[in-house]
file run.txt (compact mmCIF, C-alpha atoms)
# COMPACT_ATOMS: atom_id res chain seq x y z
CA MET X 1376 20.54 -15.32 -10.67
CA GLY X 1377 23.98 -14.90 -9.16
CA LYS X 1378 24.83 -14.05 -5.60
CA HIS X 1379 22.82 -11.28 -4.01
CA MET X 1380 24.60 -8.51 -2.16
CA ILE X 1381 23.18 -7.67 1.24
CA MET X 1382 22.70 -3.95 1.68
CA ASP X 1383 24.76 -2.36 4.43
CA GLY X 1384 23.51 1.19 3.97
CA LYS X 1385 26.54 2.31 1.95
CA ASP X 1386 25.23 1.32 -1.45
CA MET X 1387 21.57 2.07 -2.04
CA ARG X 1388 21.69 0.64 -5.51
CA THR X 1389 21.71 -2.93 -4.17
CA LEU X 1390 18.24 -2.18 -2.82
CA LEU X 1391 16.68 -0.05 -5.55
CA GLU X 1392 18.00 -0.08 -9.09
CA ARG X 1393 17.22 3.24 -10.76
CA THR X 1394 15.55 2.76 -14.14
CA THR X 1395 14.01 6.16 -14.84
CA PHE X 1396 13.01 9.03 -12.63
CA THR X 1397 9.47 9.13 -13.94
CA GLY X 1398 8.25 7.22 -10.90
CA ASP X 1399 8.67 3.50 -11.60
CA LEU X 1400 11.58 1.73 -9.95
CA THR X 1401 12.80 -1.81 -10.40
CA VAL X 1402 13.04 -3.38 -6.96
CA ASP X 1403 15.30 -6.32 -6.16
CA VAL X 1404 12.84 -8.30 -4.05
CA ARG X 1405 15.36 -10.55 -2.32
CA SER X 1406 17.62 -7.65 -1.34
CA LEU X 1407 14.65 -5.71 0.02
CA ILE X 1408 13.50 -8.62 2.19
CA GLU X 1409 17.09 -9.25 3.30
CA PHE X 1410 17.38 -5.66 4.46
CA PHE X 1411 14.15 -5.58 6.47
CA ASP X 1412 13.99 -9.15 7.79
CA VAL X 1413 17.48 -10.69 7.77
CA ASN X 1414 20.52 -8.39 7.65
CA THR X 1415 21.73 -7.68 11.18
CA ASP X 1416 24.62 -5.56 9.85
CA ALA X 1417 22.11 -3.00 8.54
CA ARG X 1418 20.79 -2.18 12.01
CA GLN X 1419 22.65 1.14 12.38
CA ASP X 1420 21.42 2.34 8.98
CA ALA X 1421 17.89 0.93 9.15
CA SER X 1422 16.11 4.04 10.45
CA SER X 1423 17.79 6.34 7.94
CA ILE X 1424 16.98 4.12 4.98
CA LYS X 1425 13.40 3.56 6.07
CA ALA X 1426 13.03 7.33 6.33
CA ILE X 1427 13.97 7.55 2.64
CA LEU X 1428 11.60 4.76 1.66
CA GLY X 1429 8.83 6.19 3.82
CA GLU X 1430 5.39 4.67 3.50
CA GLU X 1431 5.43 4.90 -0.30
CA LEU X 1432 6.92 1.43 -0.68
CA ALA X 1433 4.11 -0.11 1.37
CA VAL X 1434 1.43 1.76 -0.59
CA ALA X 1435 2.94 0.63 -3.91
CA CYS X 1436 2.92 -3.01 -2.79
CA MET X 1437 -0.72 -2.74 -1.71
CA MET X 1438 -1.62 -1.20 -5.06
CA ARG X 1439 0.10 -4.01 -6.98
CA TYR X 1440 -1.58 -6.66 -4.80
CA PHE X 1441 -5.11 -5.38 -5.33
CA GLN X 1442 -4.46 -4.75 -9.02
CA SER X 1443 -3.45 -8.42 -9.34
CA LYS X 1444 -6.95 -9.23 -8.03
CA GLY X 1445 -8.55 -7.17 -10.78
CA GLN X 1446 -9.24 -4.20 -8.52
CA ARG X 1447 -8.42 -0.52 -8.89
CA ALA X 1448 -6.47 0.83 -5.93
CA GLU X 1449 -4.97 4.16 -4.97
CA LEU X 1450 -4.08 6.43 -2.07
CA LEU X 1451 -6.25 9.54 -2.14
CA THR X 1452 -4.34 12.78 -2.72
CA GLU X 1453 -5.13 16.47 -2.71
CA ARG X 1454 -6.85 17.69 -5.89
CA LEU X 1455 -4.52 20.67 -6.33
CA ALA X 1456 -1.41 18.91 -4.98
CA PRO X 1457 -1.37 15.34 -6.35
CA SER X 1458 1.81 14.46 -4.44
CA ARG X 1459 0.20 15.35 -1.10
CA ARG X 1460 -1.97 12.79 0.64
CA LEU X 1461 -5.51 13.62 1.60
CA PRO X 1462 -5.46 14.06 5.40
CA CYS X 1463 -6.84 11.22 7.50
CA THR X 1464 -7.47 12.75 10.93
CA THR X 1465 -9.90 12.68 13.81
CA GLY X 1466 -10.42 16.37 13.13
CA GLY X 1467 -8.65 19.41 14.47
CA ARG X 1468 -4.96 19.96 15.00
CA LYS X 1469 -4.81 18.21 18.33
CA GLY X 1470 -6.27 14.87 17.29
CA PHE X 1471 -4.72 11.70 15.94
CA GLN X 1472 -3.66 11.29 12.32
CA LEU X 1473 -3.24 8.22 10.12
CA ASP X 1474 -1.13 7.82 6.99
CA GLY X 1475 -3.93 8.19 4.48
CA TRP X 1476 -7.09 6.98 2.78
CA PHE X 1477 -6.57 3.89 0.63
CA VAL X 1478 -9.37 3.16 -1.82
CA VAL X 1479 -10.08 -0.14 -3.60
CA GLU X 1480 -12.74 -0.47 -6.31
CA LYS X 1481 -14.26 -3.37 -8.20
CA ASP X 1482 -17.62 -4.01 -9.87
CA ARG X 1483 -18.96 -0.57 -8.94
CA VAL X 1484 -18.21 -1.14 -5.26
CA ARG X 1485 -15.71 1.06 -3.44
CA ASP X 1486 -13.99 0.16 -0.16
CA CYS X 1487 -12.40 3.08 1.67
CA TYR X 1488 -9.72 2.17 4.21
CA GLN X 1489 -8.41 4.54 6.86
CA THR X 1490 -4.82 3.36 6.81
CA GLU X 1491 -1.93 3.26 9.24
CA ILE X 1492 1.44 2.06 7.91
CA LYS X 1493 4.15 0.63 10.16
CA SER X 1494 7.54 -0.15 8.62
CA TRP X 1495 8.81 -1.68 11.85
CA SER X 1496 11.38 -4.41 11.28
CA PHE X 1497 13.49 -6.67 13.45
CA HIS X 1498 16.14 -3.92 13.67
CA GLY X 1499 14.11 -2.15 16.37
CA ILE X 1500 14.39 -2.55 20.12
CA GLY X 1501 13.28 -6.01 21.19
CA GLY X 1502 13.03 -7.19 17.61
CA ARG X 1503 16.10 -9.44 17.47
CA ASP X 1504 13.95 -12.56 17.94
CA GLN X 1505 11.81 -11.51 14.95
CA ARG X 1506 14.58 -11.99 12.39
CA LEU X 1507 13.15 -14.28 9.70
CA LEU X 1508 15.25 -15.87 6.97
CA ILE X 1509 13.92 -16.09 3.43
CA GLU X 1510 12.32 -19.49 3.07
CA GLY X 1511 11.37 -21.40 -0.02
CA GLU X 1512 8.06 -23.11 0.59
CA GLU X 1513 6.51 -22.10 3.89
CA ASN X 1514 7.04 -24.68 6.62
CA SER X 1515 5.86 -25.25 10.19
CA LYS X 1516 8.88 -23.46 11.67
CA THR X 1517 8.51 -20.25 9.67
CA LEU X 1518 4.73 -20.34 10.11
CA ALA X 1519 5.15 -20.57 13.89
CA GLN X 1520 7.56 -17.65 13.84
CA LYS X 1521 5.12 -15.54 11.81
CA ARG X 1522 2.40 -16.31 14.35
CA TYR X 1523 4.74 -15.21 17.12
CA ILE X 1524 5.61 -11.97 15.30
CA PHE X 1525 1.92 -11.17 14.84
CA SER X 1526 1.33 -11.82 18.56
CA ARG X 1527 3.60 -8.82 19.18
CA TYR X 1528 1.05 -6.66 17.32
CA TYR X 1529 -2.28 -8.32 18.13
CA ASP X 1530 -3.57 -10.13 21.23
CA ALA X 1531 -5.86 -12.88 19.93
CA ARG X 1532 -7.19 -13.67 23.41
CA SER X 1533 -8.43 -10.16 24.15
CA GLN X 1534 -8.97 -9.36 20.44
CA SER X 1535 -7.05 -6.11 20.69
CA LEU X 1536 -4.12 -4.29 19.14
CA ILE X 1537 -1.13 -4.01 21.47
CA HIS X 1538 0.86 -0.93 20.44
CA SER X 1539 -0.40 2.59 21.04
CA GLY X 1540 0.97 3.45 17.58
CA THR X 1541 -1.41 0.96 15.95
CA LYS X 1542 -4.51 1.42 18.12
CA LYS X 1543 -5.26 4.80 16.55
CA VAL X 1544 -6.32 3.04 13.34
CA LEU X 1545 -9.52 2.13 15.24
CA LEU X 1546 -10.51 5.74 15.93
CA GLN X 1547 -13.27 7.57 14.09
CA MET X 1548 -11.63 9.57 11.32
CA ARG X 1549 -13.22 12.47 9.46
CA GLN X 1550 -14.41 10.95 6.19
CA PRO X 1551 -13.09 12.40 2.93
CA GLN X 1552 -15.06 13.25 -0.16
CA ALA X 1553 -14.20 11.16 -3.19
CA PRO X 1554 -12.23 13.20 -5.76
CA LYS X 1555 -14.21 14.32 -8.81
CA LYS X 1556 -12.04 12.16 -11.07
CA MET X 1557 -13.41 9.03 -9.37
CA PRO X 1558 -16.72 7.49 -10.50
CA GLN X 1559 -19.47 8.20 -7.98
CA TYR X 1560 -20.06 4.62 -6.84
CA PRO X 1561 -21.73 3.85 -3.53
CA THR X 1562 -19.03 3.84 -0.84
CA GLU X 1563 -19.17 1.58 2.19
CA SER X 1564 -18.37 2.99 5.62
CA PRO X 1565 -14.63 3.42 6.20
CA LYS X 1566 -12.73 0.35 7.34
CA PRO X 1567 -9.52 0.28 9.40
CA LEU X 1568 -6.43 -1.03 7.60
CA LEU X 1569 -3.15 -1.72 9.37
CA CYS X 1570 -0.33 -2.12 6.87
CA LEU X 1571 2.67 -3.85 8.45
CA TRP X 1572 6.05 -4.59 6.96
CA ALA X 1573 6.35 -7.63 9.26
CA PRO X 1574 5.93 -11.24 8.06
CA VAL X 1575 2.90 -12.29 10.10
CA CYS X 1576 0.25 -14.98 10.43
CA ARG X 1577 -3.03 -15.22 12.35
CA ALA X 1578 -2.95 -17.53 15.36
CA ASP X 1579 -5.81 -19.65 13.98
CA SER X 1580 -4.52 -19.92 10.40
CA ASP X 1581 -2.60 -22.81 8.86
CA ARG X 1582 -0.94 -20.53 6.29
CA SER X 1583 0.25 -16.96 6.19
CA GLU X 1584 -1.82 -14.47 4.20
CA ILE X 1585 -1.01 -11.21 2.50
CA PHE X 1586 -4.32 -9.53 3.33
CA PHE X 1587 -6.61 -10.68 6.14
CA ARG X 1588 -8.76 -9.43 9.00
CA VAL X 1589 -9.00 -10.15 12.70
CA PRO X 1590 -11.80 -9.35 15.19
CA ILE X 1591 -11.66 -6.39 17.54
CA ALA X 1592 -13.41 -6.31 20.89
CA SER X 1593 -14.77 -3.12 22.43
CA PHE X 1594 -12.35 -0.22 22.16
CA GLU X 1595 -12.15 2.77 24.46
CA PRO X 1596 -11.43 6.40 23.44
CA LEU X 1597 -7.77 7.34 23.14
CA LYS X 1598 -6.24 10.32 24.88
CA LYS X 1599 -3.27 12.21 23.51
CA GLU X 1600 -0.57 13.76 25.64
CA ASN X 1601 -2.00 17.19 24.81
CA GLY X 1602 -5.28 16.16 26.46
CA ALA X 1603 -7.31 15.59 23.29
CA ILE X 1604 -9.73 12.67 23.63
CA CYS X 1605 -10.68 10.88 20.39
CA ALA X 1606 -13.65 8.58 19.97
CA PRO X 1607 -13.47 5.02 18.64
CA GLY X 1608 -15.02 4.23 15.28
CA GLY X 1609 -17.06 1.29 16.52
CA PHE X 1610 -15.15 -1.21 14.37
CA THR X 1611 -15.57 -4.92 15.05
CA GLU X 1612 -12.54 -5.97 12.97
CA VAL X 1613 -9.31 -4.61 11.54
CA ASN X 1614 -7.84 -5.41 8.13
CA VAL X 1615 -4.14 -6.30 8.00
CA PHE X 1616 -1.77 -6.19 5.02
CA SER X 1617 1.73 -7.68 5.27
CA VAL X 1618 4.28 -6.19 2.87
CA SER X 1619 6.82 -8.90 3.73
CA ASN X 1620 4.29 -11.67 3.02
CA TYR X 1621 3.48 -10.03 -0.32
CA LEU X 1622 7.12 -9.78 -1.38
CA ARG X 1623 7.96 -13.28 -0.14
CA ALA X 1624 5.07 -14.67 -2.18
CA ALA X 1625 6.27 -12.73 -5.24
CA LEU X 1626 9.79 -14.08 -4.73
CA ASN X 1627 8.55 -17.67 -4.46
CA THR X 1628 6.44 -17.27 -7.59
CA SER X 1629 9.43 -15.92 -9.54
CA ALA X 1630 11.68 -18.72 -8.28
CA SER X 1631 9.21 -21.46 -9.26
CA SER X 1632 8.65 -20.00 -12.73
CA GLY X 1633 12.26 -19.10 -13.37
CA GLY X 1634 11.32 -15.47 -13.83
CA PRO X 1635 13.22 -12.37 -12.67
CA GLN X 1636 13.41 -11.75 -8.94
CA THR X 1637 12.50 -8.09 -9.39
CA ILE X 1638 9.27 -6.13 -9.56
CA SER X 1639 8.46 -2.69 -10.91
CA LEU X 1640 6.69 -0.40 -8.45
CA PRO X 1641 5.32 3.15 -8.81
CA LEU X 1642 7.60 5.05 -6.42
CA PRO X 1643 7.82 8.68 -7.62
CA ARG X 1644 8.87 10.19 -4.27
CA ILE X 1645 11.57 7.58 -3.67
CA ALA X 1646 12.76 8.07 -7.25
CA GLU X 1647 13.08 11.80 -6.62
CA ARG X 1648 15.03 11.21 -3.40
CA ILE X 1649 17.43 8.91 -5.25
CA ARG X 1650 17.80 11.55 -7.98
CA LEU X 1651 18.69 14.18 -5.40
CA LEU X 1652 21.22 11.88 -3.72
CA SER X 1653 22.72 10.93 -7.08
CA ALA X 1654 23.18 14.62 -7.89
CA ILE X 1655 25.18 15.06 -4.70
CA PHE X 1656 27.26 11.88 -4.69
CA SER X 1657 29.01 10.26 -7.63
call {"tool": "encode", "arguments": {"input": "run.txt", "output": "structure tokens"}}
result
Amino acid sequence: MGKHMIMDGKDMRTLLERTTFTGDLTVDVRSLIEFFDVNTDARQDASSIKAILGEELAVACMMRYFQSKGQRAELLTERLAPSRRLPCTTGGRKGFQLDGWFVVEKDRVRDCYQTEIKSWSFHGIGGRDQRLLIEGEENSKTLAQKRYIFSRYYDARSQSLIHSGTKKVLLQMRQPQAPKKMPQYPTESPKPLLCLWAPVCRADSDRSEIFFRVPIASFEPLKKENGAICAPGGFTEVNVFSVSNYLRAALNTSASSGGPQTISLPLPRIAERIRLLSAIFS
């Protein structure tokens, strides 16, 4: 392919090329990684663009990943409002809330993940040292940097999550009922899933992974500013999905095979936002 433009927030089409507005969008993988992990000039526009992308991009990447493993995956939605996610809360209006219930099925076994999505990138405060260039084959330098980035999220020594915004994934959420459209397979107890944009690696791993788990030590109840106290779910580990690792792996696979450096993702809400913007601006 020719030179890739780096998105500066003024031209969204270098990030997402509109194909149809039925929901599937063709994503330029390199440009997307450049925006989140590399482009310092995009800092002032990062929050606004991530607000447009929302968590839908992360969910679509998780769906594609598990589908590539021969599994069925989806984010549970309301029966009467398919575009609205099924609530994932501790119960009541004052408790904590996660981004949704992500379900993966294979061989009549269903895993139900209570999921928190964080699209944090190096553009944020204190993230300048987390800027990570797009590598070819992973090497010791990039692997060390991914370990360092993950240490900003997870303390391997104390086996605990660091940020208050991620710790809530370990709380006991009110379990949903599987929609009637889904086969009534036995469902394991909910598992916590932390979906990060960040390119990360476990401290004890010799390679970065797209989907992995790390142990969690005892976890105390969390208290909200409004006084609500929420109980932990008793989890002994947390699952982690890295969107950046997934896209970097896809990019390396395309480069080695000579294939296109784009992927098609189901992004109906993002497609609608682009349609609305396109109707306003020529």
call {"tool": "closest_residue", "arguments": {"input": "run.txt", "among": "X:Thr1464, X:Pro1551, X:Ser1533, X:Leu1640", "to": "Leu1451 of chain X", "atoms": "all atoms listed in the file"}}
result
X:Pro1551
call {"tool": "closest_residue", "arguments": {"input": "run.txt", "among": "X:Leu1473, X:Val1613, X:Ala1592, X:Leu1568", "to": "Gly1540 of chain X", "atoms": "all atoms listed in the file"}}
result
X:Leu1473
call {"tool": "closest_residue", "arguments": {"input": "run.txt", "among": "X:Ser1458, X:Ser1539, X:Ser1526, X:Thr1611", "to": "Ile1645 of chain X", "atoms": "only C-alpha atoms"}}
result
X:Ser1458
call {"tool": "atom_distance", "arguments": {"input": "run.txt", "atom1": "atom CA of Thr1490 of chain X", "atom2": "atom CA of Cys1463 of chain X"}}
result
8.1 Å
call {"tool": "residues_around", "arguments": {"input": "run.txt", "residues": "Glu1431 of chain X", "least_positions_apart": "2", "cutoff": "8 Å", "atoms": "all atoms listed in the file", "output": "ChimeraX atom specification"}}
result
/X:1428-1429,1433-1435,1642,1644-1645
call {"tool": "write_last_selection", "arguments": {"input": "run.txt", "atoms": "C-alpha atoms", "output": "PDB file, in the coordinates of the input"}}
result
ATOM      1  CA  LEU X1428      11.600   4.760   1.660  1.00  0.00           C
ATOM      2  CA  GLY X1429       8.830   6.190   3.820  1.00  0.00           C
ATOM      3  CA  ALA X1433       4.110  -0.110   1.370  1.00  0.00           C
ATOM      4  CA  VAL X1434       1.430   1.760  -0.590  1.00  0.00           C
ATOM      5  CA  ALA X1435       2.940   0.630  -3.910  1.00  0.00           C
ATOM      6  CA  LEU X1642       7.600   5.050  -6.420  1.00  0.00           C
ATOM      7  CA  ARG X1644       8.870  10.190  -4.270  1.00  0.00           C
ATOM      8  CA  ILE X1645      11.570   7.580  -3.670  1.00  0.00           C
TER       9      ILE X1645
END
call {"tool": "residues_near_point", "arguments": {"input": "run.txt", "point": "(-3.4, -2.8, -5.1)", "cutoff": "10 Å", "atoms": "all atoms listed in the file", "output": "list of chain:residue names"}}
result
X:Val1434, X:Ala1435, X:Cys1436, X:Met1437, X:Met1438, X:Arg1439, X:Tyr1440, X:Phe1441, X:Gln1442, X:Ser1443, X:Lys1444, X:Gly1445, X:Gln1446, X:Arg1447, X:Ala1448, X:Glu1449, X:Leu1450, X:Phe1477, X:Val1478, X:Val1479, X:Glu1480
call {"tool": "write_last_selection", "arguments": {"input": "run.txt", "atoms": "C-alpha atoms", "output": "PDB file, in the coordinates of the input"}}
result
ATOM      1  CA  VAL X1434       1.430   1.760  -0.590  1.00  0.00           C
ATOM      2  CA  ALA X1435       2.940   0.630  -3.910  1.00  0.00           C
ATOM      3  CA  CYS X1436       2.920  -3.010  -2.790  1.00  0.00           C
ATOM      4  CA  MET X1437      -0.720  -2.740  -1.710  1.00  0.00           C
ATOM      5  CA  MET X1438      -1.620  -1.200  -5.060  1.00  0.00           C
ATOM      6  CA  ARG X1439       0.100  -4.010  -6.980  1.00  0.00           C
ATOM      7  CA  TYR X1440      -1.580  -6.660  -4.800  1.00  0.00           C
ATOM      8  CA  PHE X1441      -5.110  -5.380  -5.330  1.00  0.00           C
ATOM      9  CA  GLN X1442      -4.460  -4.750  -9.020  1.00  0.00           C
ATOM     10  CA  SER X1443      -3.450  -8.420  -9.340  1.00  0.00           C
ATOM     11  CA  LYS X1444      -6.950  -9.230  -8.030  1.00  0.00           C
ATOM     12  CA  GLY X1445      -8.550  -7.170 -10.780  1.00  0.00           C
ATOM     13  CA  GLN X1446      -9.240  -4.200  -8.520  1.00  0.00           C
ATOM     14  CA  ARG X1447      -8.420  -0.520  -8.890  1.00  0.00           C
ATOM     15  CA  ALA X1448      -6.470   0.830  -5.930  1.00  0.00           C
ATOM     16  CA  GLU X1449      -4.970   4.160  -4.970  1.00  0.00           C
ATOM     17  CA  LEU X1450      -4.080   6.430  -2.070  1.00  0.00           C
ATOM     18  CA  PHE X1477      -6.570   3.890   0.630  1.00  0.00           C
ATOM     19  CA  VAL X1478      -9.370   3.160  -1.820  1.00  0.00           C
ATOM     20  CA  VAL X1479     -10.080  -0.140  -3.600  1.00  0.00           C
ATOM     21  CA  GLU X1480     -12.740  -0.470  -6.310  1.00  0.00           C
TER      22      GLU X1480
END
call {"tool": "closest_residue", "arguments": {"input": "run.txt", "among": "X:Gly1466, X:Pro1574, X:Pro1565, X:Pro1635", "to": "Arg1623 of chain X", "atoms": "all atoms listed in the file"}}
result
X:Pro1574
